[in-house]
$ cat run.cif   # mmCIF, N, CA and C atoms
data_data
loop_
_atom_site.label_atom_id
_atom_site.label_comp_id
_atom_site.auth_asym_id
_atom_site.auth_seq_id
_atom_site.Cartn_x
_atom_site.Cartn_y
_atom_site.Cartn_z
N MET C 246 -43.81 -9.24 -1.43
CA MET C 246 -44.06 -10.17 -2.51
C MET C 246 -43.44 -11.52 -2.14
N LEU C 247 -44.12 -12.56 -2.50
CA LEU C 247 -43.64 -13.90 -2.20
C LEU C 247 -42.52 -14.30 -3.15
N ASN C 248 -41.65 -15.13 -2.65
CA ASN C 248 -40.56 -15.66 -3.45
C ASN C 248 -41.06 -16.77 -4.37
N THR C 249 -40.55 -16.81 -5.59
CA THR C 249 -40.94 -17.85 -6.52
C THR C 249 -40.38 -19.20 -6.10
N PHE C 250 -39.14 -19.21 -5.65
CA PHE C 250 -38.49 -20.43 -5.21
C PHE C 250 -37.98 -20.26 -3.78
N PRO C 251 -38.86 -20.37 -2.79
CA PRO C 251 -38.42 -20.13 -1.41
C PRO C 251 -37.43 -21.17 -0.90
N ASP C 252 -37.43 -22.36 -1.48
CA ASP C 252 -36.48 -23.38 -1.03
C ASP C 252 -35.03 -23.02 -1.38
N LEU C 253 -34.84 -22.21 -2.40
CA LEU C 253 -33.49 -21.82 -2.78
C LEU C 253 -32.85 -20.86 -1.78
N LEU C 254 -33.66 -20.23 -0.95
CA LEU C 254 -33.12 -19.32 0.07
C LEU C 254 -32.27 -20.07 1.09
N THR C 255 -32.44 -21.38 1.15
CA THR C 255 -31.62 -22.20 2.04
C THR C 255 -30.15 -22.11 1.64
N PHE C 256 -29.88 -21.90 0.37
CA PHE C 256 -28.51 -21.89 -0.14
C PHE C 256 -27.94 -20.48 -0.29
N ALA C 257 -28.54 -19.49 0.35
CA ALA C 257 -28.08 -18.11 0.22
C ALA C 257 -26.67 -17.92 0.77
N PHE C 258 -26.27 -18.75 1.71
CA PHE C 258 -24.92 -18.63 2.27
C PHE C 258 -23.84 -19.01 1.26
N MET C 259 -24.22 -19.63 0.15
CA MET C 259 -23.24 -20.02 -0.86
C MET C 259 -22.98 -18.92 -1.89
N ALA C 260 -23.78 -17.86 -1.87
CA ALA C 260 -23.61 -16.79 -2.86
C ALA C 260 -22.24 -16.12 -2.78
N PRO C 261 -21.73 -15.79 -1.58
CA PRO C 261 -20.38 -15.20 -1.55
C PRO C 261 -19.30 -16.15 -2.07
N LEU C 262 -19.49 -17.45 -1.91
CA LEU C 262 -18.52 -18.41 -2.44
C LEU C 262 -18.44 -18.29 -3.95
N ILE C 263 -19.58 -18.20 -4.60
CA ILE C 263 -19.61 -18.07 -6.06
C ILE C 263 -18.95 -16.76 -6.49
N LEU C 264 -19.25 -15.68 -5.78
CA LEU C 264 -18.65 -14.39 -6.10
C LEU C 264 -17.14 -14.41 -5.90
N ARG C 265 -16.70 -15.06 -4.82
CA ARG C 265 -15.26 -15.14 -4.55
C ARG C 265 -14.53 -15.90 -5.65
N VAL C 266 -15.09 -17.02 -6.07
CA VAL C 266 -14.44 -17.84 -7.10
C VAL C 266 -14.40 -17.11 -8.44
N VAL C 267 -15.48 -16.43 -8.80
CA VAL C 267 -15.51 -15.72 -10.08
C VAL C 267 -14.50 -14.57 -10.08
N ALA C 268 -14.52 -13.74 -9.05
CA ALA C 268 -13.60 -12.60 -9.01
C ALA C 268 -12.15 -13.07 -8.88
N GLY C 269 -11.91 -14.04 -8.03
CA GLY C 269 -10.55 -14.54 -7.85
C GLY C 269 -9.97 -15.15 -9.11
N SER C 270 -10.79 -15.91 -9.82
CA SER C 270 -10.29 -16.54 -11.05
C SER C 270 -10.01 -15.49 -12.13
N TYR C 271 -10.77 -14.40 -12.14
CA TYR C 271 -10.49 -13.33 -13.10
C TYR C 271 -9.11 -12.73 -12.84
N PHE C 272 -8.81 -12.42 -11.59
CA PHE C 272 -7.52 -11.80 -11.29
C PHE C 272 -6.36 -12.76 -11.54
N ILE C 273 -6.55 -14.03 -11.25
CA ILE C 273 -5.50 -15.01 -11.52
C ILE C 273 -5.28 -15.16 -13.02
N LYS C 274 -6.37 -15.17 -13.79
CA LYS C 274 -6.26 -15.29 -15.25
C LYS C 274 -5.52 -14.09 -15.84
N GLN C 275 -5.82 -12.90 -15.35
CA GLN C 275 -5.14 -11.71 -15.86
C GLN C 275 -3.65 -11.73 -15.55
N ALA C 276 -3.29 -12.21 -14.37
CA ALA C 276 -1.86 -12.33 -14.02
C ALA C 276 -1.18 -13.38 -14.88
N TRP C 277 -1.89 -14.45 -15.18
CA TRP C 277 -1.32 -15.51 -16.03
C TRP C 277 -1.04 -14.97 -17.43
N ILE C 278 -1.96 -14.18 -17.96
CA ILE C 278 -1.76 -13.55 -19.27
C ILE C 278 -0.55 -12.64 -19.22
N GLU C 279 -0.39 -11.90 -18.13
CA GLU C 279 0.76 -11.01 -17.98
C GLU C 279 2.07 -11.80 -17.96
N LEU C 280 2.08 -12.94 -17.28
CA LEU C 280 3.28 -13.77 -17.24
C LEU C 280 3.63 -14.35 -18.61
N ILE C 281 2.61 -14.74 -19.36
CA ILE C 281 2.86 -15.26 -20.71
C ILE C 281 3.45 -14.17 -21.60
N LYS C 282 2.92 -12.94 -21.49
CA LYS C 282 3.48 -11.83 -22.26
C LYS C 282 4.92 -11.56 -21.85
N TYR C 283 5.20 -11.67 -20.56
CA TYR C 283 6.56 -11.43 -20.07
C TYR C 283 7.52 -12.47 -20.62
N LYS C 284 7.10 -13.73 -20.66
CA LYS C 284 7.99 -14.78 -21.17
C LYS C 284 8.26 -14.62 -22.67
N LYS C 285 7.30 -14.08 -23.41
CA LYS C 285 7.49 -13.91 -24.85
C LYS C 285 8.46 -12.78 -25.17
N ARG C 286 8.36 -11.68 -24.45
CA ARG C 286 9.22 -10.54 -24.80
C ARG C 286 10.56 -10.55 -24.08
N LYS C 287 10.63 -11.16 -22.92
CA LYS C 287 11.87 -11.38 -22.15
C LYS C 287 12.68 -10.11 -21.90
N THR C 288 12.02 -8.96 -21.87
CA THR C 288 12.77 -7.73 -21.60
C THR C 288 12.27 -7.05 -20.33
N ASN C 289 11.02 -6.76 -20.30
CA ASN C 289 10.46 -6.04 -19.15
C ASN C 289 9.97 -7.03 -18.10
N ALA C 290 10.00 -6.59 -16.88
CA ALA C 290 9.46 -7.41 -15.79
C ALA C 290 7.94 -7.33 -15.81
N PRO C 291 7.27 -8.37 -15.31
CA PRO C 291 5.81 -8.28 -15.23
C PRO C 291 5.41 -7.16 -14.27
N ARG C 292 4.28 -6.58 -14.54
CA ARG C 292 3.82 -5.48 -13.69
C ARG C 292 3.53 -5.98 -12.29
N PRO C 293 4.10 -5.32 -11.27
CA PRO C 293 3.92 -5.80 -9.90
C PRO C 293 2.47 -5.72 -9.42
N LEU C 294 1.74 -4.72 -9.90
CA LEU C 294 0.34 -4.60 -9.48
C LEU C 294 -0.48 -5.78 -9.97
N ARG C 295 -0.17 -6.28 -11.16
CA ARG C 295 -0.87 -7.43 -11.69
C ARG C 295 -0.55 -8.68 -10.88
N MET C 296 0.70 -8.81 -10.46
CA MET C 296 1.10 -9.97 -9.66
C MET C 296 0.48 -9.90 -8.26
N LEU C 297 0.37 -8.69 -7.71
CA LEU C 297 -0.30 -8.54 -6.41
C LEU C 297 -1.78 -8.86 -6.52
N SER C 298 -2.38 -8.52 -7.65
CA SER C 298 -3.79 -8.86 -7.83
C SER C 298 -3.98 -10.37 -7.96
N ALA C 299 -2.97 -11.08 -8.48
CA ALA C 299 -3.05 -12.55 -8.52
C ALA C 299 -3.03 -13.12 -7.12
N ILE C 300 -2.19 -12.56 -6.26
CA ILE C 300 -2.18 -13.00 -4.86
C ILE C 300 -3.53 -12.71 -4.22
N GLY C 301 -4.09 -11.54 -4.53
CA GLY C 301 -5.43 -11.22 -4.04
C GLY C 301 -6.48 -12.19 -4.55
N GLY C 302 -6.35 -12.61 -5.80
CA GLY C 302 -7.28 -13.59 -6.36
C GLY C 302 -7.20 -14.92 -5.64
N ILE C 303 -5.98 -15.35 -5.33
CA ILE C 303 -5.81 -16.61 -4.59
C ILE C 303 -6.41 -16.49 -3.19
N LEU C 304 -6.18 -15.34 -2.54
CA LEU C 304 -6.75 -15.14 -1.21
C LEU C 304 -8.28 -15.12 -1.26
N LEU C 305 -8.83 -14.54 -2.33
CA LEU C 305 -10.29 -14.53 -2.46
C LEU C 305 -10.84 -15.94 -2.62
N ILE C 306 -10.23 -16.73 -3.47
CA ILE C 306 -10.72 -18.09 -3.68
C ILE C 306 -10.64 -18.90 -2.40
N LEU C 307 -9.55 -18.73 -1.66
CA LEU C 307 -9.41 -19.45 -0.39
C LEU C 307 -10.33 -18.89 0.69
N GLY C 308 -10.75 -17.65 0.53
CA GLY C 308 -11.60 -17.03 1.54
C GLY C 308 -10.81 -16.57 2.74
N PHE C 309 -9.56 -16.19 2.54
CA PHE C 309 -8.71 -15.73 3.63
C PHE C 309 -8.60 -14.21 3.56
N LEU C 310 -8.92 -13.54 4.66
CA LEU C 310 -8.92 -12.07 4.71
C LEU C 310 -9.76 -11.48 3.57
N THR C 311 -10.95 -11.99 3.43
CA THR C 311 -11.78 -11.66 2.26
C THR C 311 -12.11 -10.18 2.19
N GLN C 312 -12.51 -9.59 3.29
CA GLN C 312 -12.91 -8.19 3.24
C GLN C 312 -11.72 -7.26 2.99
N VAL C 313 -10.59 -7.57 3.60
CA VAL C 313 -9.38 -6.76 3.36
C VAL C 313 -8.92 -6.93 1.92
N THR C 314 -8.94 -8.16 1.44
CA THR C 314 -8.54 -8.44 0.06
C THR C 314 -9.49 -7.76 -0.92
N SER C 315 -10.78 -7.77 -0.62
CA SER C 315 -11.75 -7.11 -1.49
C SER C 315 -11.48 -5.61 -1.57
N LEU C 316 -11.18 -5.01 -0.44
CA LEU C 316 -10.87 -3.58 -0.42
C LEU C 316 -9.61 -3.29 -1.25
N PHE C 317 -8.59 -4.12 -1.07
CA PHE C 317 -7.35 -3.98 -1.83
C PHE C 317 -7.61 -4.13 -3.34
N LEU C 318 -8.41 -5.11 -3.72
CA LEU C 318 -8.69 -5.34 -5.14
C LEU C 318 -9.59 -4.25 -5.71
N ILE C 319 -10.48 -3.68 -4.89
CA ILE C 319 -11.29 -2.54 -5.35
C ILE C 319 -10.37 -1.39 -5.73
N LEU C 320 -9.38 -1.13 -4.89
CA LEU C 320 -8.43 -0.05 -5.19
C LEU C 320 -7.64 -0.34 -6.47
N ILE C 321 -7.26 -1.59 -6.68
CA ILE C 321 -6.54 -1.96 -7.90
C ILE C 321 -7.42 -1.78 -9.13
N VAL C 322 -8.68 -2.20 -9.04
CA VAL C 322 -9.59 -2.05 -10.19
C VAL C 322 -9.82 -0.58 -10.50
N ILE C 323 -10.01 0.24 -9.47
CA ILE C 323 -10.20 1.68 -9.69
C ILE C 323 -8.94 2.29 -10.31
N PHE C 324 -7.77 1.89 -9.81
CA PHE C 324 -6.52 2.39 -10.38
C PHE C 324 -6.39 1.99 -11.85
N ASN C 325 -6.69 0.74 -12.17
CA ASN C 325 -6.61 0.28 -13.57
C ASN C 325 -7.61 1.02 -14.45
N LEU C 326 -8.80 1.26 -13.91
CA LEU C 326 -9.83 1.97 -14.67
C LEU C 326 -9.38 3.40 -14.97
N ILE C 327 -8.86 4.09 -13.97
CA ILE C 327 -8.38 5.46 -14.17
C ILE C 327 -7.21 5.48 -15.14
N ASP C 328 -6.32 4.51 -15.01
CA ASP C 328 -5.15 4.44 -15.89
C ASP C 328 -5.57 4.22 -17.34
N ARG C 329 -6.52 3.34 -17.56
CA ARG C 329 -6.98 3.08 -18.94
C ARG C 329 -7.72 4.28 -19.52
N ILE C 330 -8.48 4.98 -18.68
CA ILE C 330 -9.18 6.17 -19.17
C ILE C 330 -8.16 7.25 -19.53
N ARG C 331 -7.15 7.41 -18.68
CA ARG C 331 -6.12 8.42 -18.93
C ARG C 331 -5.31 8.11 -20.19
N MET C 332 -5.02 6.83 -20.42
CA MET C 332 -4.25 6.43 -21.60
C MET C 332 -5.13 6.28 -22.84
N LYS C 333 -6.44 6.47 -22.67
CA LYS C 333 -7.42 6.34 -23.77
C LYS C 333 -7.36 4.95 -24.40
N LYS C 334 -7.23 3.92 -23.55
CA LYS C 334 -7.20 2.53 -24.02
C LYS C 334 -8.34 1.73 -23.41
N LEU C 335 -9.46 2.37 -23.17
CA LEU C 335 -10.58 1.69 -22.52
C LEU C 335 -11.62 1.30 -23.56
N GLU C 336 -11.79 0.00 -23.75
CA GLU C 336 -12.84 -0.48 -24.63
C GLU C 336 -14.12 -0.62 -23.82
N GLU C 337 -15.25 -0.68 -24.53
CA GLU C 337 -16.53 -0.74 -23.83
C GLU C 337 -16.69 -2.04 -23.04
N ASN C 338 -16.22 -3.15 -23.58
CA ASN C 338 -16.37 -4.41 -22.86
C ASN C 338 -15.49 -4.44 -21.61
N LYS C 339 -14.32 -3.78 -21.64
CA LYS C 339 -13.48 -3.69 -20.44
C LYS C 339 -14.16 -2.84 -19.38
N LEU C 340 -14.85 -1.78 -19.79
CA LEU C 340 -15.57 -0.95 -18.83
C LEU C 340 -16.64 -1.77 -18.14
N ASN C 341 -17.35 -2.60 -18.90
CA ASN C 341 -18.37 -3.46 -18.30
C ASN C 341 -17.77 -4.45 -17.32
N ILE C 342 -16.61 -5.01 -17.65
CA ILE C 342 -15.95 -5.95 -16.75
C ILE C 342 -15.54 -5.25 -15.47
N TYR C 343 -14.99 -4.05 -15.59
CA TYR C 343 -14.57 -3.31 -14.39
C TYR C 343 -15.77 -2.98 -13.50
N ILE C 344 -16.89 -2.61 -14.10
CA ILE C 344 -18.08 -2.29 -13.31
C ILE C 344 -18.59 -3.54 -12.60
N LEU C 345 -18.63 -4.66 -13.30
CA LEU C 345 -19.06 -5.92 -12.67
C LEU C 345 -18.11 -6.34 -11.55
N LEU C 346 -16.81 -6.21 -11.78
CA LEU C 346 -15.84 -6.55 -10.74
C LEU C 346 -16.00 -5.66 -9.51
N LEU C 347 -16.22 -4.37 -9.75
CA LEU C 347 -16.44 -3.47 -8.61
C LEU C 347 -17.68 -3.87 -7.83
N GLY C 348 -18.74 -4.26 -8.53
CA GLY C 348 -19.95 -4.71 -7.84
C GLY C 348 -19.73 -5.98 -7.05
N ILE C 349 -19.03 -6.94 -7.63
CA ILE C 349 -18.75 -8.20 -6.93
C ILE C 349 -17.88 -7.94 -5.70
N LEU C 350 -16.82 -7.15 -5.88
CA LEU C 350 -15.91 -6.90 -4.76
C LEU C 350 -16.57 -6.08 -3.66
N LEU C 351 -17.42 -5.13 -4.04
CA LEU C 351 -18.15 -4.36 -3.03
C LEU C 351 -19.11 -5.25 -2.26
N SER C 352 -19.75 -6.17 -2.96
CA SER C 352 -20.63 -7.13 -2.29
C SER C 352 -19.85 -8.00 -1.31
N LEU C 353 -18.67 -8.45 -1.70
CA LEU C 353 -17.85 -9.26 -0.80
C LEU C 353 -17.34 -8.43 0.38
N LEU C 354 -17.05 -7.17 0.14
CA LEU C 354 -16.61 -6.30 1.22
C LEU C 354 -17.69 -6.14 2.27
N LEU C 355 -18.93 -6.04 1.83
CA LEU C 355 -20.04 -5.82 2.76
C LEU C 355 -20.56 -7.11 3.38
N SER C 356 -20.51 -8.22 2.64
CA SER C 356 -21.12 -9.45 3.14
C SER C 356 -20.15 -10.40 3.82
N GLY C 357 -18.89 -10.34 3.47
CA GLY C 357 -17.92 -11.26 4.06
C GLY C 357 -17.67 -12.46 3.18
N ALA C 358 -16.98 -13.44 3.74
CA ALA C 358 -16.46 -14.56 2.95
C ALA C 358 -17.52 -15.58 2.57
N GLY C 359 -18.46 -15.85 3.43
CA GLY C 359 -19.46 -16.86 3.12
C GLY C 359 -19.00 -18.27 3.42
N PHE C 360 -19.51 -19.20 2.65
CA PHE C 360 -19.32 -20.63 2.85
C PHE C 360 -17.94 -21.08 2.36
N LEU C 361 -17.37 -22.11 2.96
CA LEU C 361 -16.09 -22.70 2.59
C LEU C 361 -14.97 -21.67 2.54
N ALA C 362 -14.81 -20.93 3.61
CA ALA C 362 -13.77 -19.91 3.67
C ALA C 362 -12.91 -20.12 4.91
N ILE C 363 -11.70 -19.61 4.84
CA ILE C 363 -10.83 -19.66 6.01
C ILE C 363 -11.25 -18.61 7.02
N ASP C 364 -11.79 -17.48 6.53
CA ASP C 364 -12.30 -16.44 7.44
C ASP C 364 -13.45 -16.97 8.27
N MET C 365 -13.48 -16.61 9.50
CA MET C 365 -14.60 -16.95 10.36
C MET C 365 -15.27 -15.66 10.81
N PRO C 366 -16.58 -15.55 10.71
CA PRO C 366 -17.24 -14.33 11.16
C PRO C 366 -17.11 -14.17 12.67
N LEU C 367 -16.91 -12.94 13.09
CA LEU C 367 -16.78 -12.67 14.52
C LEU C 367 -18.12 -12.53 15.18
#

$ encode --input "run.cif" --output "structure tokens"
Amino acid sequence: MLNTFPDLLTFAFMAPLILRVVAGSYFIKQAWIELIKYKKRKTNAPRPLRMLSAIGGILLILGFLTQVTSLFLILIVIFNLIDRIRMKKLEENKLNIYILLLGILLSLLLSGAGFLAIDMPL
């Protein structure tokens, strides 16, 4: 079947960049929320897994070690999903977010960093 907009295929190399920025900003936002909660209660330390996922989000946005970072973040998302199911604190919209994140991260794992990344394809 023919493409409706064949000229847009010229920009296909930018798709991983968009995926990297979306996934990375999600993980950074979640860590920021965790830090705000930590500052308000001033008793417990922020969860280390959330802080590690923020570092992963920064690495994703920069495009540094994208495939390794994607694999690491896939494991974190799966761990969070299992933890929420076990604690019975999983809302339907969170399940949808986790599924979308897993799809984005799996795509980045298979495709690589894309455009404007520190990673260079071998």

$ atom_distance --input "run.cif" --atom1 "CA of Val322 in chain C" --atom2 "atom N of Glu337 in chain C"
15.5 Å

$ closest_residue --input "run.cif" --among "C:Leu262, C:Ala276, C:Ile303, C:Leu347" --to "Phe324 in chain C" --atoms "only C-alpha atoms"
C:Leu347

$ atom_distance --input "run.cif" --atom1 "atom N of Lys274 in chain C" --atom2 "CA of Phe256 in chain C"
26.9 Å

$ atom_distance --input "run.cif" --atom1 "atom N of Leu318 in chain C" --atom2 "CA of Ala362 in chain C"
17.4 Å

$ resolve_selection --input "run.cif" --expression "the PyMOL selection byres (((chain C and resi 301 and name CA) around 9) and name CA)" --output "PyMOL selection string"
chain C and resi 269+272-273+296-300+302-306+311+314-315+317-318

$ write_last_selection --input "run.cif" --atoms "N, CA and C atoms" --output "mmCIF file, in the coordinates of the input"
data_model
loop_
_atom_site.group_PDB
_atom_site.id
_atom_site.type_symbol
_atom_site.label_atom_id
_atom_site.label_comp_id
_atom_site.auth_asym_id
_atom_site.auth_seq_id
_atom_site.Cartn_x
_atom_site.Cartn_y
_atom_site.Cartn_z
ATOM 1 N N GLY C 269 -11.910 -14.040 -8.030
ATOM 2 C CA GLY C 269 -10.550 -14.540 -7.850
ATOM 3 C C GLY C 269 -9.970 -15.150 -9.110
ATOM 4 N N PHE C 272 -8.810 -12.420 -11.590
ATOM 5 C CA PHE C 272 -7.520 -11.800 -11.290
ATOM 6 C C PHE C 272 -6.360 -12.760 -11.540
ATOM 7 N N ILE C 273 -6.550 -14.030 -11.250
ATOM 8 C CA ILE C 273 -5.500 -15.010 -11.520
ATOM 9 C C ILE C 273 -5.280 -15.160 -13.020
ATOM 10 N N MET C 296 0.700 -8.810 -10.460
ATOM 11 C CA MET C 296 1.100 -9.970 -9.660
ATOM 12 C C MET C 296 0.480 -9.900 -8.260
ATOM 13 N N LEU C 297 0.370 -8.690 -7.710
ATOM 14 C CA LEU C 297 -0.300 -8.540 -6.410
ATOM 15 C C LEU C 297 -1.780 -8.860 -6.520
ATOM 16 N N SER C 298 -2.380 -8.520 -7.650
ATOM 17 C CA SER C 298 -3.790 -8.860 -7.830
ATOM 18 C C SER C 298 -3.980 -10.370 -7.960
ATOM 19 N N ALA C 299 -2.970 -11.080 -8.480
ATOM 20 C CA ALA C 299 -3.050 -12.550 -8.520
ATOM 21 C C ALA C 299 -3.030 -13.120 -7.120
ATOM 22 N N ILE C 300 -2.190 -12.560 -6.260
ATOM 23 C CA ILE C 300 -2.180 -13.000 -4.860
ATOM 24 C C ILE C 300 -3.530 -12.710 -4.220
ATOM 25 N N GLY C 302 -6.350 -12.610 -5.800
ATOM 26 C CA GLY C 302 -7.280 -13.590 -6.360
ATOM 27 C C GLY C 302 -7.200 -14.920 -5.640
ATOM 28 N N ILE C 303 -5.980 -15.350 -5.330
ATOM 29 C CA ILE C 303 -5.810 -16.610 -4.590
ATOM 30 C C ILE C 303 -6.410 -16.490 -3.190
ATOM 31 N N LEU C 304 -6.180 -15.340 -2.540
ATOM 32 C CA LEU C 304 -6.750 -15.140 -1.210
ATOM 33 C C LEU C 304 -8.280 -15.120 -1.260
ATOM 34 N N LEU C 305 -8.830 -14.540 -2.330
ATOM 35 C CA LEU C 305 -10.290 -14.530 -2.460
ATOM 36 C C LEU C 305 -10.840 -15.940 -2.620
ATOM 37 N N ILE C 306 -10.230 -16.730 -3.470
ATOM 38 C CA ILE C 306 -10.720 -18.090 -3.680
ATOM 39 C C ILE C 306 -10.640 -18.900 -2.400
ATOM 40 N N THR C 311 -10.950 -11.990 3.430
ATOM 41 C CA THR C 311 -11.780 -11.660 2.260
ATOM 42 C C THR C 311 -12.110 -10.180 2.190
ATOM 43 N N THR C 314 -8.940 -8.160 1.440
ATOM 44 C CA THR C 314 -8.540 -8.440 0.060
ATOM 45 C C THR C 314 -9.490 -7.760 -0.920
ATOM 46 N N SER C 315 -10.780 -7.770 -0.620
ATOM 47 C CA SER C 315 -11.750 -7.110 -1.490
ATOM 48 C C SER C 315 -11.480 -5.610 -1.570
ATOM 49 N N PHE C 317 -8.590 -4.120 -1.070
ATOM 50 C CA PHE C 317 -7.350 -3.980 -1.830
ATOM 51 C C PHE C 317 -7.610 -4.130 -3.340
ATOM 52 N N LEU C 318 -8.410 -5.110 -3.720
ATOM 53 C CA LEU C 318 -8.690 -5.340 -5.140
ATOM 54 C C LEU C 318 -9.590 -4.250 -5.710
#

$ resolve_selection --input "run.cif" --expression "the PyMOL selection byres ((chain C and resi 364) around 7)" --output "PDB file with N, CA and C atoms, keeping the file's coordinate frame"
ATOM      1  N   LEU C 307      -9.550 -18.730  -1.660  1.00  0.00           N
ATOM      2  CA  LEU C 307      -9.410 -19.450  -0.390  1.00  0.00           C
ATOM      3  C   LEU C 307     -10.330 -18.890   0.690  1.00  0.00           C
ATOM      4  N   GLY C 308     -10.750 -17.650   0.530  1.00  0.00           N
ATOM      5  CA  GLY C 308     -11.600 -17.030   1.540  1.00  0.00           C
ATOM      6  C   GLY C 308     -10.810 -16.570   2.740  1.00  0.00           C
ATOM      7  N   PHE C 309      -9.560 -16.190   2.540  1.00  0.00           N
ATOM      8  CA  PHE C 309      -8.710 -15.730   3.630  1.00  0.00           C
ATOM      9  C   PHE C 309      -8.600 -14.210   3.560  1.00  0.00           C
ATOM     10  N   LEU C 310      -8.920 -13.540   4.660  1.00  0.00           N
ATOM     11  CA  LEU C 310      -8.920 -12.070   4.710  1.00  0.00           C
ATOM     12  C   LEU C 310      -9.760 -11.480   3.570  1.00  0.00           C
ATOM     13  N   THR C 311     -10.950 -11.990   3.430  1.00  0.00           N
ATOM     14  CA  THR C 311     -11.780 -11.660   2.260  1.00  0.00           C
ATOM     15  C   THR C 311     -12.110 -10.180   2.190  1.00  0.00           C
ATOM     16  N   ALA C 358     -16.980 -13.440   3.740  1.00  0.00           N
ATOM     17  CA  ALA C 358     -16.460 -14.560   2.950  1.00  0.00           C
ATOM     18  C   ALA C 358     -17.520 -15.580   2.570  1.00  0.00           C
ATOM     19  N   LEU C 361     -17.370 -22.110   2.960  1.00  0.00           N
ATOM     20  CA  LEU C 361     -16.090 -22.700   2.590  1.00  0.00           C
ATOM     21  C   LEU C 361     -14.970 -21.670   2.540  1.00  0.00           C
ATOM     22  N   ALA C 362     -14.810 -20.930   3.610  1.00  0.00           N
ATOM     23  CA  ALA C 362     -13.770 -19.910   3.670  1.00  0.00           C
ATOM     24  C   ALA C 362     -12.910 -20.120   4.910  1.00  0.00           C
ATOM     25  N   ILE C 363     -11.700 -19.610   4.840  1.00  0.00           N
ATOM     26  CA  ILE C 363     -10.830 -19.660   6.010  1.00  0.00           C
ATOM     27  C   ILE C 363     -11.250 -18.610   7.020  1.00  0.00           C
ATOM     28  N   MET C 365     -13.480 -16.610   9.500  1.00  0.00           N
ATOM     29  CA  MET C 365     -14.600 -16.950  10.360  1.00  0.00           C
ATOM     30  C   MET C 365     -15.270 -15.660  10.810  1.00  0.00           C
ATOM     31  N   PRO C 366     -16.580 -15.550  10.710  1.00  0.00           N
ATOM     32  CA  PRO C 366     -17.240 -14.330  11.160  1.00  0.00           C
ATOM     33  C   PRO C 366     -17.110 -14.170  12.670  1.00  0.00           C
TER      34      PRO C 366
END

$ closest_atom_pairs --input "run.cif" --of "range 246-300 of chain C" --to "range 351-356 of chain C" --cutoff "8 Å" --atoms "only N, CA and C atoms" --output "tab-separated table"
residue	atom	partner	partner_atom	distance
C:Pro261	CA	C:Leu353	CA	6.5
C:Leu264	C	C:Leu353	CA	7.3
C:Arg265	N	C:Leu353	CA	7.2

$ select_by_dssp --input "run.cif" --residues "chain C" --states "helix (DSSP H, G or I)" --output "count of residues only"
92

$ closest_residue --input "run.cif" --among "C:Ile344, C:Ala268, C:Leu294, C:Leu335" --to "Ile321 in chain C" --atoms "only N, CA and C atoms"
C:Leu294

$ closest_residue --input "run.cif" --among "C:Leu350, C:Arg295, C:Arg329, C:Ile342" --to "Leu316 in chain C" --atoms "all atoms listed in the file"
C:Leu350
